[in-house]
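Shown below: final.txt, with compact mmCIF, C-alpha atoms.
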# COMPACT_ATOMS: atom_id res chain seq x y z
CA MET A 164 103.12 13.33 124.14
CA SER A 165 106.08 12.83 126.48
CA PHE A 166 108.83 10.24 126.38
CA CYS A 167 111.24 8.83 128.92
CA PHE A 168 114.31 6.73 128.20
CA ASN A 169 116.28 4.40 130.44
CA PHE A 170 119.29 2.49 129.15
CA ASP A 171 121.50 -0.20 130.65
CA ILE A 172 124.62 -0.86 128.59
CA SER A 173 126.60 -2.70 131.24
CA GLY A 174 126.26 -5.90 129.25
CA GLN A 175 128.31 -4.51 126.42
CA ALA A 176 132.01 -5.22 126.58
CA ASN A 177 134.79 -3.53 124.70
CA ALA A 178 134.58 -5.07 121.27
CA SER A 179 137.64 -6.91 120.11
CA GLN A 180 136.64 -8.43 116.80
CA GLU A 181 137.57 -6.33 113.78
CA VAL A 182 135.20 -5.88 110.88
CA ASP A 183 136.46 -7.53 107.69
CA GLY A 184 139.88 -7.60 109.30
CA ASN A 185 139.95 -3.84 109.80
CA GLU A 186 138.76 -1.32 112.32
CA VAL A 187 136.50 1.19 110.62
CA GLN A 188 136.95 4.59 112.19
CA SER A 189 134.69 7.58 111.99
CA GLY A 190 135.67 10.53 109.85
CA ASN A 191 137.66 12.32 112.55
CA LYS A 192 140.81 10.39 113.37
CA ASP A 193 141.00 12.05 116.75
CA ASP A 194 137.56 11.11 118.01
CA GLY A 195 138.46 7.46 118.59
CA ALA A 196 135.07 6.13 117.51
CA LYS A 197 135.20 2.66 115.99
CA TYR A 198 132.54 0.40 114.64
CA VAL A 199 132.99 -3.23 115.55
CA SER A 200 130.59 -6.02 114.93
CA ASN A 201 130.56 -7.93 118.19
CA VAL A 202 129.29 -7.33 121.69
CA SER A 203 129.81 -9.49 124.73
CA GLY A 204 128.11 -12.84 125.10
CA PRO A 205 126.98 -15.42 122.56
CA VAL A 206 125.28 -14.38 119.35
CA LYS A 207 121.52 -14.87 119.60
CA GLU A 208 120.42 -17.47 117.06
CA ALA A 209 117.75 -16.40 114.63
CA LYS A 210 114.54 -18.38 114.28
CA GLU A 211 111.31 -18.22 112.34
CA HIS A 212 108.06 -17.96 114.30
CA LEU A 213 104.79 -19.41 113.06
CA PRO A 214 101.55 -17.76 114.20
CA PRO A 215 99.74 -19.86 116.82
CA SER A 216 96.85 -21.99 115.61
CA ASP A 217 94.70 -20.52 118.39
CA PRO A 218 95.77 -16.93 119.13
CA GLN A 219 93.02 -16.26 121.68
CA PHE A 220 95.38 -16.59 124.66
CA LEU A 221 97.54 -13.81 123.21
CA LEU A 222 94.58 -11.42 123.22
CA THR A 223 93.15 -12.34 126.61
CA ASP A 224 93.05 -9.36 129.00
CA GLY A 225 94.50 -7.19 126.25
CA VAL A 226 93.65 -3.50 126.05
CA PHE A 227 94.08 -2.02 122.62
CA GLU A 228 95.02 1.40 121.34
CA THR A 229 94.43 2.81 117.89
CA ILE A 230 96.53 5.37 116.08
CA THR A 231 95.26 7.22 113.05
CA ILE A 232 97.42 9.63 111.06
CA GLY A 233 95.79 11.61 108.25
CA THR A 234 94.58 9.32 105.49
CA LEU A 235 96.40 6.23 106.80
CA PRO A 236 94.28 3.28 107.87
CA PRO A 237 93.83 2.92 111.65
CA LEU A 238 96.54 0.84 113.29
CA HIS A 239 95.69 -1.19 116.40
CA PHE A 240 98.21 -2.30 119.02
CA LEU A 241 98.36 -3.59 122.56
CA ASN A 242 98.53 -0.91 125.23
CA GLU A 243 102.08 -0.78 126.58
CA THR A 244 101.15 0.00 130.19
CA VAL A 245 98.66 -2.85 130.45
CA PHE A 246 101.11 -5.16 128.70
CA GLU A 247 103.71 -4.39 131.38
CA ARG A 248 101.24 -4.97 134.20
CA THR A 249 100.33 -8.40 132.85
CA ALA A 250 103.93 -9.38 132.05
CA SER A 251 104.05 -12.03 134.77
CA GLU A 252 101.20 -13.88 133.09
CA ARG A 253 102.90 -14.08 129.70
CA GLU A 254 105.18 -16.75 128.33
CA ASP A 255 108.74 -15.44 128.27
CA ARG A 256 111.46 -18.02 127.71
CA GLU A 257 114.03 -15.23 127.41
CA LYS A 258 113.05 -13.79 130.81
CA ILE A 259 113.26 -10.29 129.34
CA LEU A 260 110.00 -9.15 130.90
CA SER A 261 111.17 -9.77 134.45
CA PHE A 262 114.73 -8.67 133.66
CA ARG A 263 113.46 -5.41 132.17
CA GLU A 264 111.39 -4.75 135.28
CA GLU A 265 114.30 -5.62 137.55
CA LYS A 266 116.68 -3.28 135.71
CA ASN A 267 114.00 -0.60 135.20
CA SER A 268 115.43 -0.12 131.73
CA ASP A 269 114.04 0.36 128.23
CA LEU A 270 117.19 -1.17 126.76
CA ILE A 271 119.60 -3.83 128.03
CA SER A 272 122.27 -4.21 125.39
CA GLY A 273 122.62 -7.74 124.05
CA VAL A 274 119.70 -8.96 126.19
CA TYR A 275 116.67 -6.82 125.46
CA GLU A 276 116.80 -4.33 122.59
CA GLY A 277 113.77 -2.16 123.35
CA GLY A 278 111.12 -3.93 121.27
CA LEU A 279 108.32 -3.69 123.85
CA LYS A 280 108.21 0.09 123.57
CA VAL A 281 106.74 2.03 120.65
CA TRP A 282 109.50 4.57 120.11
CA GLU A 283 108.49 8.00 118.85
CA CYS A 284 110.51 7.82 115.62
CA THR A 285 108.09 5.15 114.45
CA TYR A 286 105.41 7.83 114.28
CA ASP A 287 107.76 10.01 112.21
CA ILE A 288 107.97 7.33 109.51
CA LEU A 289 104.19 6.88 109.58
CA GLU A 290 103.77 10.60 108.95
CA ILE A 291 106.26 10.47 106.08
CA MET A 292 104.33 7.57 104.53
CA GLU A 293 101.11 9.55 104.82
CA LYS A 294 102.73 12.58 103.23
CA GLU A 295 104.23 10.59 100.35
CA GLY A 296 101.05 8.61 99.74
CA GLU A 297 102.88 5.27 99.59
CA THR A 298 100.39 2.49 98.86
CA PHE A 299 102.80 -0.50 99.04
CA SER A 300 100.72 -2.26 96.41
CA GLY A 301 102.42 -5.50 95.34
CA LYS A 302 105.65 -4.67 97.18
CA THR A 303 107.74 -6.73 99.56
CA VAL A 304 108.46 -5.04 102.89
CA LEU A 305 110.85 -5.76 105.76
CA ASP A 306 110.13 -4.23 109.18
CA LEU A 307 113.61 -4.53 110.71
CA GLY A 308 113.72 -4.23 114.49
CA CYS A 309 109.94 -4.19 114.29
CA GLY A 310 108.88 -4.15 117.95
CA ALA A 311 105.12 -3.59 117.91
CA GLY A 312 105.21 -3.92 114.12
CA LEU A 313 103.26 -0.77 113.25
CA LEU A 314 105.28 0.00 110.12
CA GLY A 315 104.91 -3.48 108.70
CA ILE A 316 101.22 -3.52 109.66
CA LEU A 317 100.71 -0.29 107.69
CA ALA A 318 102.26 -1.96 104.63
CA LEU A 319 100.07 -5.02 105.19
CA LYS A 320 96.88 -2.97 105.33
CA ARG A 321 97.89 -0.99 102.25
CA GLY A 322 98.39 -3.85 99.85
CA ALA A 323 101.97 -5.15 100.29
CA ARG A 324 102.54 -8.56 98.73
CA GLN A 325 104.71 -9.88 101.59
CA ILE A 326 105.84 -8.47 104.92
CA LEU A 327 108.63 -9.84 107.09
CA PHE A 328 108.71 -8.73 110.73
CA GLN A 329 112.05 -9.08 112.53
CA ASP A 330 113.03 -8.25 116.10
CA TYR A 331 115.96 -9.23 118.31
CA ASN A 332 113.80 -10.83 120.98
CA SER A 333 111.53 -13.83 120.41
CA THR A 334 109.30 -12.68 123.28
CA VAL A 335 108.64 -9.43 121.45
CA ILE A 336 107.65 -11.30 118.28
CA GLU A 337 105.45 -13.86 120.05
CA GLN A 338 103.81 -11.65 122.68
CA LEU A 339 103.55 -8.29 120.90
CA THR A 340 104.18 -8.32 117.14
CA VAL A 341 102.08 -11.36 116.23
CA PRO A 342 99.11 -10.29 118.43
CA ASN A 343 99.20 -6.81 116.91
CA VAL A 344 99.17 -8.21 113.37
CA ILE A 345 96.24 -10.47 114.30
CA LEU A 346 94.36 -7.48 115.71
CA ASN A 347 94.77 -5.59 112.46
CA CYS A 348 93.46 -8.49 110.41
CA GLU A 349 90.14 -7.99 112.15
CA GLU A 350 87.81 -6.41 109.60
CA ASP A 351 85.10 -5.46 112.08
CA ASP A 352 86.51 -2.85 114.48
CA GLU A 353 83.54 -2.92 116.84
CA ASP A 354 85.21 -5.23 119.35
CA LEU A 355 88.48 -3.28 119.21
CA ASN A 356 86.77 0.03 119.84
CA SER A 357 85.11 -1.40 122.92
CA GLY A 358 88.50 -2.42 124.31
CA SER A 359 87.55 -6.12 124.43
CA PRO A 360 89.35 -8.94 122.64
CA PRO A 361 87.45 -10.58 119.78
CA PRO A 362 85.58 -13.84 120.51
CA LYS A 363 87.65 -17.01 120.52
CA LYS A 364 86.24 -18.35 117.28
CA ARG A 365 86.87 -15.06 115.50
CA ALA A 366 90.44 -14.90 116.84
CA ALA A 367 91.15 -18.44 115.68
CA ASP A 368 89.81 -17.56 112.25
CA LEU A 369 92.13 -14.56 112.13
CA SER A 370 95.20 -16.78 112.46
CA LYS A 371 94.27 -18.14 109.01
CA HIS A 372 93.28 -14.77 107.58
CA PRO A 373 94.56 -14.08 104.03
CA LEU A 374 96.56 -11.13 105.35
CA MET A 375 98.33 -13.37 107.89
CA ARG A 376 99.51 -15.59 105.06
CA LYS A 377 101.44 -12.62 103.70
CA CYS A 378 103.44 -12.31 106.94
CA LEU A 379 106.69 -13.88 108.10
CA PHE A 380 108.07 -13.48 111.63
CA TYR A 381 111.72 -13.81 112.71
CA SER A 382 113.73 -13.12 115.85
CA GLY A 383 117.45 -13.10 116.60
CA ASP A 384 120.67 -11.25 115.99
CA TRP A 385 121.01 -9.73 112.52
CA ARG A 386 124.21 -11.73 112.00
CA THR A 387 122.28 -15.00 112.26
CA PHE A 388 119.09 -13.64 110.73
CA ILE A 389 120.74 -12.96 107.35
CA PRO A 390 121.90 -16.54 106.58
CA LEU A 391 118.64 -17.99 107.90
CA VAL A 392 116.34 -15.85 105.78
CA LEU A 393 118.54 -16.27 102.70
CA LYS A 394 117.93 -20.02 102.87
CA LYS A 395 114.45 -19.38 101.54
CA GLU A 396 113.84 -20.05 97.84
CA PRO A 397 113.66 -17.77 96.06
CA GLN A 398 115.93 -15.62 98.19
CA PRO A 399 113.96 -12.61 99.40
CA LYS A 400 114.72 -9.07 98.28
CA PHE A 401 112.68 -6.23 99.71
CA ASP A 402 111.32 -3.22 97.87
CA ILE A 403 111.04 -1.30 101.14
CA ILE A 404 112.90 -1.76 104.42
CA PHE A 405 111.71 0.11 107.50
CA THR A 406 114.01 0.46 110.49
CA SER A 407 113.32 2.81 113.37
CA GLU A 408 115.57 3.64 116.33
CA THR A 409 118.09 0.91 115.45
CA ILE A 410 121.31 2.97 115.19
CA TYR A 411 121.67 3.79 118.88
CA ASN A 412 124.71 1.53 119.27
CA THR A 413 127.71 1.87 116.93
CA CYS A 414 128.68 -1.76 117.56
CA TYR A 415 125.61 -2.81 115.59
CA TYR A 416 126.38 -0.75 112.48
CA PRO A 417 128.30 -3.45 110.55
CA ALA A 418 125.54 -6.04 111.03
CA LEU A 419 122.80 -3.53 110.20
CA HIS A 420 124.62 -2.36 107.07
CA GLU A 421 125.20 -5.95 105.95
CA THR A 422 121.53 -6.76 106.46
CA LEU A 423 120.43 -3.81 104.35
CA HIS A 424 123.03 -4.67 101.70
CA LYS A 425 121.98 -8.32 101.44
CA LEU A 426 118.20 -7.89 101.59
CA LEU A 427 117.37 -4.64 99.78
CA ALA A 428 116.16 -5.01 96.19
CA PRO A 429 118.32 -3.23 93.57
CA SER A 430 115.86 -0.34 93.23
CA GLY A 431 114.59 -0.58 96.82
CA LEU A 432 114.44 2.05 99.53
CA VAL A 433 115.39 1.97 103.21
CA TYR A 434 113.43 4.34 105.44
CA LEU A 435 115.42 4.89 108.64
CA ALA A 436 114.20 6.99 111.56
CA THR A 437 116.51 8.05 114.35
CA LYS A 438 117.47 10.63 116.91
CA SER A 439 120.47 12.86 116.36
CA HIS A 440 122.23 11.27 119.32
CA TYR A 441 121.48 8.58 121.88
CA PHE A 442 122.86 9.79 125.17
CA GLY A 443 124.22 7.02 127.35
CA VAL A 444 124.46 4.62 124.41
CA GLY A 445 126.68 6.51 121.98
CA GLY A 446 125.16 6.12 118.53
CA GLY A 447 123.32 8.62 116.40
CA LEU A 448 122.73 9.91 112.91
CA HIS A 449 126.06 11.64 112.31
CA LEU A 450 128.08 8.54 113.20
CA PHE A 451 125.85 6.33 111.06
CA GLU A 452 126.07 8.72 108.11
CA THR A 453 129.85 8.60 108.40
CA PHE A 454 129.80 4.81 108.50
CA VAL A 455 127.55 4.59 105.42
CA GLU A 456 129.71 7.05 103.52
CA GLN A 457 132.86 5.05 104.29
CA ARG A 458 131.30 1.82 103.06
CA GLY A 459 130.33 3.44 99.76
CA VAL A 460 127.35 1.16 99.10
CA PHE A 461 124.39 3.45 99.78
CA SER A 462 123.52 7.06 99.23
CA LEU A 463 121.70 8.72 102.15
CA ASP A 464 119.26 11.60 101.89
CA HIS A 465 117.31 13.45 104.56
CA LEU A 466 113.54 13.34 104.20
CA TRP A 467 112.66 15.13 107.42
CA ASP A 468 114.60 16.82 110.23
CA GLY A 469 112.80 17.77 113.42
CA ALA A 470 113.99 20.99 115.00
CA GLU A 471 112.37 20.78 118.43
CA GLY A 472 113.54 19.00 121.57
CA LEU A 473 115.72 15.95 121.12
CA GLN A 474 116.15 16.22 117.37
CA ARG A 475 114.76 13.41 115.26
CA HIS A 476 115.27 12.57 111.61
CA VAL A 477 113.95 10.38 108.83
CA VAL A 478 116.43 9.48 106.10
CA VAL A 479 116.24 7.28 103.02
CA LEU A 480 119.00 4.97 101.77
CA ARG A 481 119.29 3.55 98.28
CA PHE A 482 122.02 1.76 96.40
CA LYS A 483 124.49 4.08 94.72
CA LYS A 484 124.51 4.01 90.96
CA GLN A 485 127.49 2.23 89.46
CA ASN A 486 129.15 5.43 88.27
CA GLU A 487 128.86 6.96 91.75
CA ASN A 488 131.07 4.32 93.40

Let me see the structure of the file written as structure tokens.
Amino acid sequence: MSFCFNFDISGQANASQEVDGNEVQSGNKDDGAKYVSNVSGPVKEAKEHLPPSDPQFLLTDGVFETITIGTLPPLHFLNETVFERTASEREDREKILSFREEKNSDLISGVYEGGLKVWECTYDILEIMEKEGETFSGKTVLDLGCGAGLLGILALKRGARQILFQDYNSTVIEQLTVPNVILNCEEDDEDLNSGSPPPKKRAADLSKHPLMRKCLFYSGDWRTFIPLVLKKEPQPKFDIIFTSETIYNTCYYPALHETLHKLLAPSGLVYLATKSHYFGVGGGLHLFETFVEQRGVFSLDHLWDGAEGLQRHVVVLRFKKQNEN
């Protein structure tokens, strides 16, 4: 399996807003790295997305892939290449599909945050879940920066009580995440294995499937997502938070940390997958570990460290015990 990365960070300006009135520097005073919460342009408002009453149009001309890892249930998702080729036929109020093609980039900071691509660290978390035998039974799960939604879909198929899918871009949620969840609510895999979308009546039924009623879908900047989701009663707290390939930009660390702080249940776990360093973007595991340590809210432990190629890692965060602070 090979991977190629293209990044466009021209949209990101030098951040000027300080976090909590202070600039939070990395551990080495001489390295000049600072974590600030704002990037150029307006903050993208968060919104909740309801599944369409008739999802057939989302599955039309779709070609599906299936991934199976060990004892995990098969996970179905729209083929990325075919999705790109049919982009012009899809509804895209954000214009990220055409903009992504124009820029030939997998990431356009502050515009498109990479959600249309299944990044390889997602598979690392899936393998960790298979190894640990996590069943998710009765748990609440947040798939933060979900993209295709494979991590949340795994939790859904393994008995989670509620799953919230969140991505920066509404187009990603509407055109990729929701269709993928609908596909995985299909109990009869015969149509999926043939590469054809399910019949219209069956697809419409799936939008009301009991598993779909466990799912919530949100898009937007984390800074606006937090107050929106906390308006729900009772306020949600998640037993498990998945987040994969979301620490590539140090400017996002304050908002990410705040999201984890506000939404993780007291005894919950955050599974975070990342590369050691994101060339051309600037973030990476060492800088994020330093940031977390400075904040003093979470402990961070390594679950898996890949030694080959561009090094990848899976770490787990949990709240520090009172006497550790």

Discussion item. Please compute the CA of Leu339 in chain A-CA of Leu480 in chain A distance, one decimal, in Å.
Written reply: 27.9 Å

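In this model, the gap between CA of Asn343 in chain A and CA of Gln325 in chain A comes to 16.6 Å.
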
Item to complete: For each of A:Leu427, A:Val245, A:Leu314, A:Cys378, take the minimum atom-to-atom distance to Phe227 in chain A, counting only C-alpha atoms, then give the residue where this is smallest.
Response: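 Looking at the shortest contact to Phe227 in chain A, the residue is A:Val245.
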
Worksheet item: If you measure from CA of Val433 in chain A to CA of Arg386 in chain A, what distance in Å do you get, rounded to one decimal?
Response: 18.5 Å

Response to the item:
Counting all atoms listed in the file, closest pick from A:Trp385, A:Ile291, A:Pro214, A:Thr409 relative to Gly310 in chain A is A:Thr409

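Considering only C-alpha atoms, the residue among A:Phe240, A:Phe482, A:Phe328, A:Phe299 positioned nearest to Phe388 in chain A is A:Phe328.
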
Fill in: Contacts of Tyr331 in chain A at 7 Å (all atoms listed in the file; same-chain gap of 4+ positions) as a list in words
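Selected residues are Glu276, Gly308, Ser382, Gly383 and Asp384 of chain A.
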
Those residues with C-alpha atoms, as a compact mmCIF listing (two decimals), in the coordinates of the input please?
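Output saved as part33.txt:
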# COMPACT_ATOMS: atom_id res chain seq x y z
CA GLU A 276 116.80 -4.33 122.59
CA GLY A 308 113.72 -4.23 114.49
CA SER A 382 113.73 -13.12 115.85
CA GLY A 383 117.45 -13.10 116.60
CA ASP A 384 120.67 -11.25 115.99

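Proximity of A:Leu238, A:Asp402, A:Lys438, A:Thr244 to Val344 in chain A, computed with only C-alpha atoms, is greatest for A:Leu238.
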
Discussion item. Taking 2 positions as the minimum chain separation for residues in the same chain, which residues sit within 10 Å of Gln329 in chain A when counting all atoms listed in the file? Answer as a ChimeraX atom specification.
Written reply: /A:209-212,305-310,312,315,326-327,331-333,335-336,340,379-385,388,406

Worksheet item: For the point (114.8, 17.1, 120.6) in file coordinates, what residues are within 12 Å, counting only C-alpha atoms? Give the answer as a list in words?
Response: Ser165, Phe166, Glu283, Cys284, Thr437, Lys438, Ser439, His440, Tyr441, Phe442, Asp468, Gly469, Ala470, Glu471, Gly472, Leu473, Gln474, Arg475 and His476 of chain A

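Comparing A:Leu419, A:Ala428, A:Cys414, A:Ala318 by their smallest distance to Gly445 in chain A, the closest is A:Cys414 (using all atoms listed in the file).
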
Fill in: Closest of A:Gln338, A:Asn347, A:Thr303, A:Gln485 to Lys400 in chain A - atom-to-atom distances counting only C-alpha atoms
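The closest residue to Lys400 in chain A is A:Thr303.
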